[in-house]
file my_file-v5.cif (mmCIF, C-alpha atoms and all ligand atoms)
data_run
#
loop_
_atom_site.label_atom_id
_atom_site.label_comp_id
_atom_site.auth_asym_id
_atom_site.auth_seq_id
_atom_site.Cartn_x
_atom_site.Cartn_y
_atom_site.Cartn_z
CA MET A 1 -3.67 12.22 -23.08
CA TRP A 2 -4.29 10.42 -19.78
CA GLU A 3 -0.71 9.28 -19.41
CA LYS A 4 1.02 12.41 -20.75
CA LEU A 5 -1.11 15.02 -19.04
CA ARG A 6 -4.05 14.05 -16.87
CA ARG A 7 -2.30 11.37 -14.83
CA GLU A 8 0.29 13.90 -13.64
CA GLU A 9 -2.45 16.44 -12.84
CA VAL A 10 -4.36 13.91 -10.76
CA LEU A 11 -1.19 12.83 -8.97
CA GLU A 12 -0.57 16.49 -8.10
CA ILE A 13 -4.13 16.78 -6.75
CA PHE A 14 -3.42 13.94 -4.32
CA ARG A 15 0.02 15.30 -3.34
CA GLU A 16 -1.41 18.76 -2.74
CA ASN A 17 -4.65 17.78 -1.00
CA VAL A 18 -4.23 14.43 0.68
CA TYR A 19 -0.84 12.82 1.34
CA GLY A 20 1.60 15.70 0.78
CA ARG A 21 4.81 16.06 -1.17
CA VAL A 22 8.05 14.18 -0.59
CA PRO A 23 10.85 16.73 0.01
CA SER A 24 13.71 16.84 -2.48
CA THR A 25 16.40 16.74 0.25
CA PRO A 26 19.33 14.61 -0.93
CA TYR A 27 20.13 11.41 0.95
CA SER A 28 22.37 8.42 0.47
CA LYS A 29 21.28 4.82 0.63
CA SER A 30 23.07 1.52 1.20
CA TYR A 31 22.12 -2.09 1.89
CA LYS A 32 23.57 -4.40 4.47
CA VAL A 33 22.63 -8.08 4.61
CA VAL A 34 22.60 -8.71 8.35
CA ASN A 35 21.42 -12.32 8.24
CA GLU A 36 21.02 -14.99 5.59
CA ASP A 37 19.73 -18.55 6.08
CA LYS A 38 19.58 -20.73 2.99
CA ASN A 39 17.77 -23.42 4.93
CA ALA A 40 14.82 -21.50 6.35
CA MET A 41 11.33 -22.98 6.65
CA GLY A 42 12.78 -26.50 6.79
CA GLY A 43 14.69 -25.96 3.55
CA MET A 44 11.77 -24.50 1.58
CA ALA A 45 13.10 -20.93 1.53
CA THR A 46 16.08 -18.65 1.91
CA LEU A 47 15.76 -15.95 4.54
CA LYS A 48 17.49 -12.63 4.00
CA GLN A 49 17.39 -9.80 6.49
CA VAL A 50 18.57 -6.60 4.90
CA ASP A 51 19.04 -3.19 6.47
CA ILE A 52 18.27 -0.34 4.10
CA ILE A 53 20.34 2.50 5.54
CA ILE A 54 19.35 6.07 4.73
CA VAL A 55 21.73 8.91 5.62
CA SER A 56 21.09 12.64 5.35
CA GLY A 57 22.33 15.72 7.20
CA GLY A 58 24.48 13.66 9.57
CA LYS A 59 21.54 11.48 10.72
CA SER A 60 20.69 7.95 9.68
CA LEU A 61 17.65 5.68 9.63
CA ASP A 62 17.46 1.90 9.09
CA ILE A 63 14.58 0.14 7.39
CA HIS A 64 14.78 -3.54 8.39
CA LEU A 65 13.57 -5.64 5.47
CA THR A 66 12.80 -9.32 6.02
CA LEU A 67 12.57 -11.47 2.89
CA PHE A 68 11.91 -15.15 2.23
CA VAL A 69 12.61 -16.50 -1.27
CA PRO A 70 11.40 -19.97 -2.37
CA ASN A 71 14.33 -22.34 -2.86
CA ASN A 72 13.08 -24.80 -5.41
CA LEU A 73 12.09 -22.41 -8.21
CA PRO A 74 13.99 -20.71 -11.03
CA LYS A 75 14.85 -17.09 -10.19
CA PRO A 76 13.82 -14.33 -10.29
CA VAL A 77 10.40 -14.79 -8.68
CA PRO A 78 7.50 -12.37 -8.12
CA ALA A 79 7.08 -11.05 -4.58
CA TYR A 80 4.61 -9.65 -2.07
CA LEU A 81 5.84 -6.83 0.16
CA LEU A 82 3.79 -6.13 3.29
CA ILE A 83 3.84 -2.65 4.80
CA ASP A 84 3.41 -3.88 8.36
CA ASN A 85 1.48 -1.73 10.79
CA ARG A 86 1.02 -4.39 13.48
CA GLY A 87 4.40 -5.18 14.98
CA PRO A 88 6.98 -7.96 14.95
CA SER A 89 4.89 -10.83 16.38
CA ASN A 90 3.12 -11.03 13.00
CA THR A 91 6.31 -11.17 10.95
CA ASP A 92 8.72 -13.33 12.97
CA PRO A 93 11.78 -14.15 10.80
CA SER A 94 12.51 -17.26 12.92
CA ARG A 95 8.96 -18.53 12.13
CA LYS A 96 8.46 -19.66 15.72
CA LEU A 97 5.52 -17.25 15.80
CA LYS A 98 3.14 -17.56 12.89
CA SER A 99 0.34 -15.21 11.91
CA GLU A 100 -2.26 -15.18 9.15
CA PHE A 101 -1.51 -11.47 8.80
CA TRP A 102 1.74 -12.40 7.01
CA PRO A 103 1.36 -16.09 6.09
CA ALA A 104 4.93 -16.55 4.87
CA GLU A 105 4.88 -20.36 4.51
CA GLU A 106 1.69 -20.34 2.44
CA VAL A 107 3.00 -17.60 0.13
CA ILE A 108 6.29 -19.46 -0.38
CA ALA A 109 4.34 -22.65 -1.14
CA ARG A 110 2.54 -20.81 -3.95
CA GLY A 111 5.79 -19.80 -5.60
CA TYR A 112 6.23 -16.22 -4.49
CA ALA A 113 8.83 -14.45 -2.39
CA ILE A 114 7.40 -12.67 0.64
CA ALA A 115 8.86 -9.58 2.27
CA VAL A 116 7.94 -7.16 5.03
CA PHE A 117 9.11 -3.95 6.63
CA SER A 118 7.66 -2.21 9.64
CA ASN A 119 6.08 1.18 8.95
CA ALA A 120 7.45 2.37 12.32
CA ASP A 121 11.03 2.01 11.01
CA VAL A 122 10.25 4.75 8.50
CA ASP A 123 8.03 6.89 10.69
CA PRO A 124 6.62 6.03 14.13
CA ASP A 125 2.84 6.18 14.11
CA ASN A 126 2.29 9.09 16.47
CA PHE A 127 1.94 12.84 16.25
CA ASP A 128 5.21 14.44 17.28
CA ASP A 129 5.11 17.42 14.92
CA PHE A 130 7.17 15.48 12.36
CA LYS A 131 10.36 15.39 14.41
CA ASN A 132 10.99 11.63 14.36
CA GLY A 133 11.38 9.02 11.61
CA ILE A 134 12.28 10.00 8.06
CA HIS A 135 10.73 13.44 8.63
CA GLY A 136 13.53 14.11 11.12
CA LEU A 137 16.09 13.39 8.37
CA LEU A 138 14.59 14.92 5.26
CA ASP A 139 12.34 17.78 6.38
CA ARG A 140 14.08 21.13 6.30
CA GLY A 141 12.63 24.59 6.95
CA GLU A 142 9.05 25.45 7.84
CA ARG A 143 6.30 22.86 7.37
CA GLN A 144 4.08 23.74 4.41
CA PRO A 145 0.37 22.96 3.91
CA ASP A 146 1.41 20.30 1.38
CA SER A 147 4.37 18.85 3.32
CA TRP A 148 4.20 15.05 3.46
CA GLY A 149 2.50 13.27 6.30
CA THR A 150 3.16 9.88 7.82
CA ILE A 151 1.30 7.82 5.18
CA ALA A 152 3.41 9.40 2.43
CA ALA A 153 6.50 8.59 4.52
CA TRP A 154 5.49 4.92 4.81
CA ALA A 155 4.84 4.82 1.04
CA TRP A 156 8.33 6.27 0.51
CA GLY A 157 9.66 3.41 2.64
CA ALA A 158 7.97 0.89 0.32
CA SER A 159 9.77 2.55 -2.60
CA ARG A 160 13.11 2.14 -0.81
CA CYS A 161 12.35 -1.60 -0.58
CA MET A 162 11.66 -1.51 -4.34
CA ASP A 163 15.12 0.05 -4.80
CA TYR A 164 16.57 -2.90 -2.93
CA PHE A 165 14.59 -5.46 -4.96
CA GLU A 166 16.10 -3.98 -8.12
CA THR A 167 19.50 -5.10 -6.80
CA ASP A 168 18.46 -8.62 -5.68
CA ARG A 169 18.66 -11.17 -8.50
CA ASP A 170 16.24 -13.50 -6.74
CA ILE A 171 13.41 -10.99 -7.04
CA ASN A 172 11.59 -9.99 -10.20
CA SER A 173 11.29 -6.31 -9.33
CA GLU A 174 8.82 -5.83 -12.19
CA LYS A 175 6.42 -8.23 -10.47
CA VAL A 176 6.13 -6.91 -6.94
CA ALA A 177 2.80 -6.52 -5.16
CA VAL A 178 2.71 -4.07 -2.25
CA VAL A 179 0.21 -5.16 0.40
CA GLY A 180 -1.24 -3.15 3.26
CA HIS A 181 -4.02 -3.53 5.78
CA SER A 182 -6.09 -0.58 6.91
CA ARG A 183 -3.68 2.35 7.42
CA GLY A 184 -1.20 0.14 5.56
CA GLY A 185 -3.78 -0.28 2.76
CA LYS A 186 -4.07 3.50 2.37
CA THR A 187 -0.27 3.46 2.14
CA ALA A 188 -0.16 0.66 -0.46
CA LEU A 189 -2.47 2.61 -2.78
CA TRP A 190 -0.46 5.82 -2.44
CA ALA A 191 2.85 3.97 -2.85
CA ALA A 192 1.63 2.44 -6.14
CA ALA A 193 0.26 5.79 -7.33
CA GLU A 194 3.64 7.48 -6.74
CA ASP A 195 5.93 4.61 -7.76
CA GLN A 196 5.16 3.09 -11.14
CA ARG A 197 7.63 0.26 -10.56
CA ILE A 198 5.04 -1.38 -8.27
CA ALA A 199 3.17 -3.99 -10.34
CA MET A 200 0.20 -4.42 -8.02
CA ALA A 201 -1.32 -2.67 -5.01
CA ILE A 202 -3.36 -4.61 -2.47
CA SER A 203 -5.56 -2.41 -0.33
CA ASN A 204 -7.05 -4.53 2.45
CA GLU A 205 -9.87 -2.68 4.22
CA SER A 206 -8.19 0.71 3.75
CA GLY A 207 -11.33 2.80 4.25
CA CYS A 208 -11.21 6.58 4.67
CA GLY A 209 -8.15 8.16 3.06
CA GLY A 210 -7.71 4.89 1.15
CA ALA A 211 -10.08 3.16 -1.22
CA ALA A 212 -13.40 4.40 0.22
CA LEU A 213 -15.20 7.25 -1.55
CA ALA A 214 -15.14 10.27 0.77
CA ARG A 215 -18.37 11.81 -0.49
CA ARG A 216 -20.42 8.93 0.88
CA LYS A 217 -19.47 10.06 4.42
CA TYR A 218 -20.16 6.52 5.53
CA GLY A 219 -18.21 5.04 8.46
CA GLU A 220 -15.05 7.05 9.10
CA THR A 221 -15.21 10.59 7.72
CA ILE A 222 -12.41 13.00 6.82
CA GLU A 223 -13.15 15.07 9.91
CA ARG A 224 -12.85 12.03 12.18
CA ILE A 225 -9.65 10.77 10.63
CA ASN A 226 -8.01 14.21 10.75
CA ASN A 227 -8.93 14.58 14.42
CA ALA A 228 -7.80 11.11 15.44
CA PHE A 229 -4.67 10.91 13.25
CA PRO A 230 -3.48 14.48 12.60
CA HIS A 231 -0.10 13.22 11.38
CA TRP A 232 -1.26 10.85 8.62
CA PHE A 233 -2.06 13.37 5.87
CA CYS A 234 -0.81 16.79 4.79
CA ASN A 235 -2.34 19.86 6.43
CA ASN A 236 -4.34 20.71 3.31
CA TYR A 237 -6.40 17.55 3.89
CA LYS A 238 -7.97 19.32 6.87
CA LYS A 239 -9.68 21.65 4.38
CA TRP A 240 -11.94 18.75 3.41
CA SER A 241 -13.14 17.93 6.95
CA LYS A 242 -16.96 18.31 6.81
CA ASN A 243 -16.44 19.64 3.31
CA GLU A 244 -16.36 16.51 1.17
CA ASP A 245 -18.78 17.84 -1.41
CA SER A 246 -16.33 20.61 -2.38
CA MET A 247 -13.46 18.22 -3.03
CA PRO A 248 -12.21 18.48 -6.62
CA PHE A 249 -11.51 14.73 -6.53
CA ASP A 250 -12.54 11.50 -4.83
CA MET A 251 -10.75 8.26 -4.12
CA HIS A 252 -11.66 6.46 -7.38
CA MET A 253 -9.12 8.85 -8.93
CA LEU A 254 -6.44 7.50 -6.59
CA ILE A 255 -7.15 3.97 -7.83
CA ALA A 256 -7.10 5.24 -11.43
CA LEU A 257 -3.51 6.43 -10.86
CA ILE A 258 -2.48 2.79 -10.53
CA ALA A 259 -3.77 1.84 -14.02
CA PRO A 260 -2.75 -0.07 -16.06
CA ARG A 261 -1.00 -1.89 -13.22
CA ALA A 262 -2.94 -4.31 -11.04
CA VAL A 263 -5.04 -3.33 -8.05
CA CYS A 264 -6.85 -5.53 -5.57
CA VAL A 265 -9.34 -3.83 -3.25
CA THR A 266 -10.88 -5.76 -0.39
CA SER A 267 -13.35 -5.28 2.44
CA ALA A 268 -14.75 -7.24 5.37
CA GLY A 269 -18.49 -7.61 5.79
CA GLU A 270 -18.60 -6.38 9.40
CA ASP A 271 -16.07 -3.60 8.86
CA LEU A 272 -18.51 -0.81 8.17
CA TRP A 273 -16.03 1.78 9.52
CA ALA A 274 -14.03 1.19 6.31
CA ASP A 275 -17.15 1.37 4.09
CA PRO A 276 -17.14 -1.79 1.92
CA ARG A 277 -19.64 -0.40 -0.57
CA GLY A 278 -17.76 2.90 -0.92
CA SER A 279 -14.56 0.94 -1.53
CA TYR A 280 -16.14 -1.21 -4.22
CA LEU A 281 -17.71 1.83 -5.92
CA SER A 282 -14.35 3.57 -5.88
CA LEU A 283 -12.80 0.65 -7.75
CA TYR A 284 -15.80 0.54 -10.07
CA HIS A 285 -15.48 4.24 -10.93
CA SER A 286 -11.75 3.92 -11.62
CA LEU A 287 -12.50 1.54 -14.49
CA PRO A 288 -12.89 4.18 -17.25
CA VAL A 289 -9.13 4.76 -16.85
CA TYR A 290 -8.38 1.02 -16.78
CA ARG A 291 -10.41 0.71 -19.98
CA LEU A 292 -8.16 3.23 -21.75
CA TYR A 293 -5.58 0.43 -21.58
CA ASP A 294 -7.82 -2.61 -21.86
CA LYS A 295 -11.43 -2.23 -22.98
CA SER A 296 -12.37 -5.59 -21.56
CA THR A 297 -11.94 -4.45 -17.93
CA ILE A 298 -15.51 -4.80 -16.77
CA LEU A 299 -17.18 -5.15 -13.36
CA LYS A 300 -20.83 -4.97 -12.44
CA GLU A 301 -21.98 -1.89 -10.55
CA GLU A 302 -23.45 -3.99 -7.77
CA MET A 303 -21.07 -5.45 -5.21
CA PRO A 304 -20.27 -9.15 -5.31
CA PRO A 305 -21.68 -11.31 -2.49
CA ILE A 306 -19.63 -12.13 0.62
CA ASN A 307 -16.64 -14.43 -0.02
CA LYS A 308 -16.83 -14.24 -3.79
CA GLN A 309 -13.85 -12.61 -5.47
CA VAL A 310 -14.55 -10.71 -8.70
CA LYS A 311 -11.71 -10.11 -11.14
CA SER A 312 -11.43 -8.46 -14.51
CA ARG A 313 -8.05 -8.09 -16.22
CA LYS A 314 -5.97 -5.96 -13.78
CA VAL A 315 -8.59 -5.32 -11.09
CA ALA A 316 -9.97 -7.53 -8.33
CA TYR A 317 -12.27 -7.12 -5.34
CA HIS A 318 -13.63 -9.26 -2.54
CA VAL A 319 -15.60 -8.75 0.64
CA ARG A 320 -14.69 -11.38 3.21
CA ASP A 321 -17.07 -12.46 5.96
CA GLY A 322 -16.21 -11.20 9.43
CA ALA A 323 -14.38 -8.32 11.05
CA HIS A 324 -11.57 -5.86 10.28
CA ASN A 325 -8.44 -7.97 9.82
CA MET A 326 -6.22 -9.54 7.19
CA LEU A 327 -6.44 -13.34 7.15
CA LEU A 328 -5.13 -16.28 5.13
CA LYS A 329 -8.46 -16.30 3.32
CA ASP A 330 -7.71 -12.78 2.07
CA TRP A 331 -4.16 -13.75 1.10
CA ASN A 332 -5.44 -16.74 -0.89
CA TRP A 333 -7.57 -14.37 -2.98
CA PHE A 334 -4.61 -11.96 -3.35
CA MET A 335 -2.58 -14.88 -4.70
CA ASP A 336 -5.36 -16.18 -6.97
CA PHE A 337 -5.34 -12.72 -8.55
CA GLY A 338 -1.53 -12.59 -8.43
CA ASP A 339 -1.37 -15.87 -10.35
CA THR A 340 -3.07 -14.13 -13.28
CA VAL A 341 -1.19 -10.80 -13.19
CA LEU A 342 2.22 -11.48 -11.62
CA LYS A 343 3.17 -14.84 -13.12
C1 LIG B 401 -8.50 3.25 12.77
C2 LIG B 401 -8.64 4.34 11.74
C3 LIG B 401 -8.67 3.78 10.31
C4 LIG B 401 -7.51 2.84 10.08
C5 LIG B 401 -7.47 1.79 11.17
C6 LIG B 401 -6.28 0.83 11.10
O1 LIG B 401 -9.67 2.49 12.82
O2 LIG B 401 -9.80 5.08 12.03
O3 LIG B 401 -8.62 4.83 9.36
O4 LIG B 401 -7.60 2.28 8.81
O5 LIG B 401 -7.41 2.41 12.44
O6 LIG B 401 -5.25 1.19 10.54
O7 LIG B 401 -6.40 -0.28 11.64
#
call {"tool": "encode", "arguments": {"input": "my_file-v5.cif", "output": "structure tokens", "more": "lines below"}}
Ligand code: GCU
result
Amino acid sequence: MWEKLRREEVLEIFRENVYGRVPSTPYSKSYKVVNEDKNAMGGMATLKQVDIIIVSGGKSLDIHLTLFVPNNLPKPVPAYLLIDNRGPSNTDPSRKLKSEFWPAEEVIARGYAIAVFSNADVDPDNFDDFKNGIHGLLDRGERQPDSWGTIAAWAWGASRCMDYFETDRDINSEKVAVVGHSRGGKTALWAAAEDQRIAMAISNESGCGGAALARRKYGETIERINNAFPHWFCNNYKKWSKNEDSMPFDMHMLIALIAPRAVCVTSAGEDLWADPRGSYLSLYHSLPVYRLYDKSTILKEEMPPINKQVKSRKVAYHVRDGAHNMLLKDWNWFMDFGDTVLK
């Protein structure tokens, strides 16, 4: 019943009211390996830089995927794919610049591949009336109240990376975790809701329009996010500004769309803007759907203390000490959970 009927209804609720619908415009897609280094990270990994080239209506768009695969392991391996919203200094393929935001060496050392694409390749993060990025290629005709926004475009980009993984024999495309921080975390949840090939979604401090329950109106509200980022969601989402109590849904239903696949929701103690408690409760209230698949998925209603990860079957949560960010500490918990669900 859930899978055959209700899941599709709930997915439609989120397409119609929050992120918008992907247009059905045809496009072609090809992959070009632009760089390969079998001796990256001092011999620990193979670097592949792949352009995912999308063509439609005489225009083209390149998604630049960077991927490191561990050398000394049997293939295929599970992978983490970051939807990067911070820029290239965090994801340097030469590894001269290193950043905890994308701790490639540490992920390789734990036996995973690690990949990244920049959200801006798919759609630049500014309001330009949907002229640039993938909107400029695929949107035709008048914009509708449920036309896709920028978050749905970024999620679509993650799915194009999944298409590529299905062609790369080094990657176990059935064991890919999509990771995002903040606006990227909202995107990771929506990508996993729409694309059932994604084995695990990691929502790091995604807040409003991501994991946090909207009805709590704690921290960022729908009105504030619509005013500050009018391009992120579909136009129908504006109906819920200052009107949360009339919503026929809340964000626990977004998390439920990911069941029975894995989901890891995280918060940071000082990041009240992203409502840690509302994010935990959202995960907690998604569990009735997780339990349709595995009755032993159980979390307590009260939040765990700072720096203590809680896990049950396919769900995990932690609240890290400190401010809004994604750090190695967070990644270590992602991988502790990954070790139980991706390996
Ligand atoms: C702003 C925005 C959040 C978003 C964050 C980010 O703070 O209000 O919704 O998550 O930027 O992406 O870093």
call {"tool": "residues_near_ligand", "arguments": {"input": "my_file-v5.cif", "ligand": "ligand LIG 401 (chain B)", "cutoff": "6 Å", "atoms": "all atoms listed in the file", "output": "CSV table (one decimal) with C-alpha atoms, in the frame of the given file"}}
result
chain,number,residue,atom,x,y,z
A,182,SER,CA,-6.1,-0.6,6.9
A,183,ARG,CA,-3.7,2.4,7.4
A,206,SER,CA,-8.2,0.7,3.8
A,207,GLY,CA,-11.3,2.8,4.2
A,208,CYS,CA,-11.2,6.6,4.7
A,225,ILE,CA,-9.6,10.8,10.6
call {"tool": "residues_around", "arguments": {"input": "my_file-v5.cif", "residues": "range 279-290 of chain A", "least_positions_apart": "4", "cutoff": "10 Å", "atoms": "only C-alpha atoms", "output": "MDAnalysis selection string"}}
result
chainID A and resid 2:3 7 203 205:208 210:214 250:267 274:275 294:304 313:319
call {"tool": "residues_around", "arguments": {"input": "my_file-v5.cif", "residues": "range 215-219 of chain A", "least_positions_apart": "3", "cutoff": "6 Å", "atoms": "only C-alpha atoms", "output": "PyMOL selection string"}}
result
chain A and resi 244+272-273+275
call {"tool": "closest_residue", "arguments": {"input": "my_file-v5.cif", "among": "A:Lys311, A:Arg224, A:His135, A:Arg320", "to": "Val341 in chain A", "atoms": "all atoms listed in the file"}}
result
A:Lys311
call {"tool": "closest_residue", "arguments": {"input": "my_file-v5.cif", "among": "A:Asp336, A:Ala193, A:Glu166, A:Ile202", "to": "Glu8 in chain A", "atoms": "only C-alpha atoms"}}
result
A:Ala193
call {"tool": "residues_around", "arguments": {"input": "my_file-v5.cif", "residues": "range 40-54 of chain A", "least_positions_apart": "4", "cutoff": "6 Å", "atoms": "only C-alpha atoms", "output": "compact mmCIF listing (two decimals) with C-alpha atoms, in the frame of the given file"}}
result
# COMPACT_ATOMS: atom_id res chain seq x y z
CA SER A 28 22.37 8.42 0.47
CA LYS A 29 21.28 4.82 0.63
CA SER A 30 23.07 1.52 1.20
CA TYR A 31 22.12 -2.09 1.89
CA LYS A 32 23.57 -4.40 4.47
CA VAL A 33 22.63 -8.08 4.61
CA VAL A 34 22.60 -8.71 8.35
CA ASN A 35 21.42 -12.32 8.24
CA GLU A 36 21.02 -14.99 5.59
CA SER A 60 20.69 7.95 9.68
CA LEU A 61 17.65 5.68 9.63
CA ASP A 62 17.46 1.90 9.09
CA ILE A 63 14.58 0.14 7.39
CA HIS A 64 14.78 -3.54 8.39
CA LEU A 65 13.57 -5.64 5.47
CA THR A 66 12.80 -9.32 6.02
CA LEU A 67 12.57 -11.47 2.89
CA PHE A 68 11.91 -15.15 2.23
CA VAL A 69 12.61 -16.50 -1.27
CA PRO A 70 11.40 -19.97 -2.37
CA ASN A 71 14.33 -22.34 -2.86
call {"tool": "axis_aligned_box", "arguments": {"input": "my_file-v5.cif", "around": "range 241-248 of chain A", "padding_each_side": "3 Å", "output": "JSON"}}
result
{"center_x": -15.5, "center_y": 18.6, "center_z": 0.2, "size_x": 12.6, "size_y": 10.1, "size_z": 19.6}
call {"tool": "atom_distance", "arguments": {"input": "my_file-v5.cif", "atom1": "CA of Gly185 in chain A", "atom2": "CA of Asn325 in chain A"}}
result
11.4 Å
call {"tool": "build_atoms", "arguments": {"input": "my_file-v5.cif", "residues": "range 87-99 of chain A", "atoms": "N, CA, C and O atoms", "output": "tab-separated table (two decimals), in the coordinates of the input"}}
result
chain	number	residue	atom	x	y	z
A	87	GLY	N	3.34	-4.81	14.05
A	87	GLY	CA	4.40	-5.18	14.98
A	87	GLY	C	4.96	-6.56	14.73
A	87	GLY	O	4.35	-7.39	14.04
A	88	PRO	N	6.14	-6.82	15.32
A	88	PRO	CA	6.98	-7.96	14.95
A	88	PRO	C	6.38	-9.34	15.21
A	88	PRO	O	6.79	-10.32	14.57
A	89	SER	N	5.39	-9.48	16.12
A	89	SER	CA	4.89	-10.83	16.38
A	89	SER	C	4.16	-11.41	15.17
A	89	SER	O	3.96	-12.61	15.06
A	90	ASN	N	3.78	-10.54	14.22
A	90	ASN	CA	3.12	-11.03	13.00
A	90	ASN	C	4.10	-11.40	11.90
A	90	ASN	O	3.69	-11.98	10.89
A	91	THR	N	5.36	-11.03	12.07
A	91	THR	CA	6.31	-11.17	10.95
A	91	THR	C	7.63	-11.78	11.44
A	91	THR	O	8.70	-11.37	11.01
A	92	ASP	N	7.53	-12.75	12.32
A	92	ASP	CA	8.72	-13.33	12.97
A	92	ASP	C	9.65	-14.00	11.94
A	92	ASP	O	9.24	-14.99	11.31
A	93	PRO	N	10.88	-13.51	11.77
A	93	PRO	CA	11.78	-14.15	10.80
A	93	PRO	C	12.18	-15.56	11.20
A	93	PRO	O	12.48	-16.39	10.33
A	94	SER	N	12.14	-15.89	12.49
A	94	SER	CA	12.51	-17.26	12.92
A	94	SER	C	11.37	-18.25	12.65
A	94	SER	O	11.58	-19.45	12.68
A	95	ARG	N	10.18	-17.75	12.39
A	95	ARG	CA	8.96	-18.53	12.13
A	95	ARG	C	8.52	-19.36	13.32
A	95	ARG	O	7.72	-20.29	13.15
A	96	LYS	N	9.02	-19.01	14.52
A	96	LYS	CA	8.46	-19.66	15.72
A	96	LYS	C	7.04	-19.14	15.92
A	96	LYS	O	6.13	-19.89	16.27
A	97	LEU	N	6.86	-17.84	15.72
A	97	LEU	CA	5.52	-17.25	15.80
A	97	LEU	C	4.96	-17.16	14.39
A	97	LEU	O	5.64	-16.66	13.49
A	98	LYS	N	3.76	-17.63	14.22
A	98	LYS	CA	3.14	-17.56	12.89
A	98	LYS	C	1.85	-16.75	12.98
A	98	LYS	O	1.18	-16.76	14.01
A	99	SER	N	1.52	-16.06	11.90
A	99	SER	CA	0.34	-15.21	11.91
A	99	SER	C	-0.26	-15.17	10.52
A	99	SER	O	0.46	-15.04	9.53
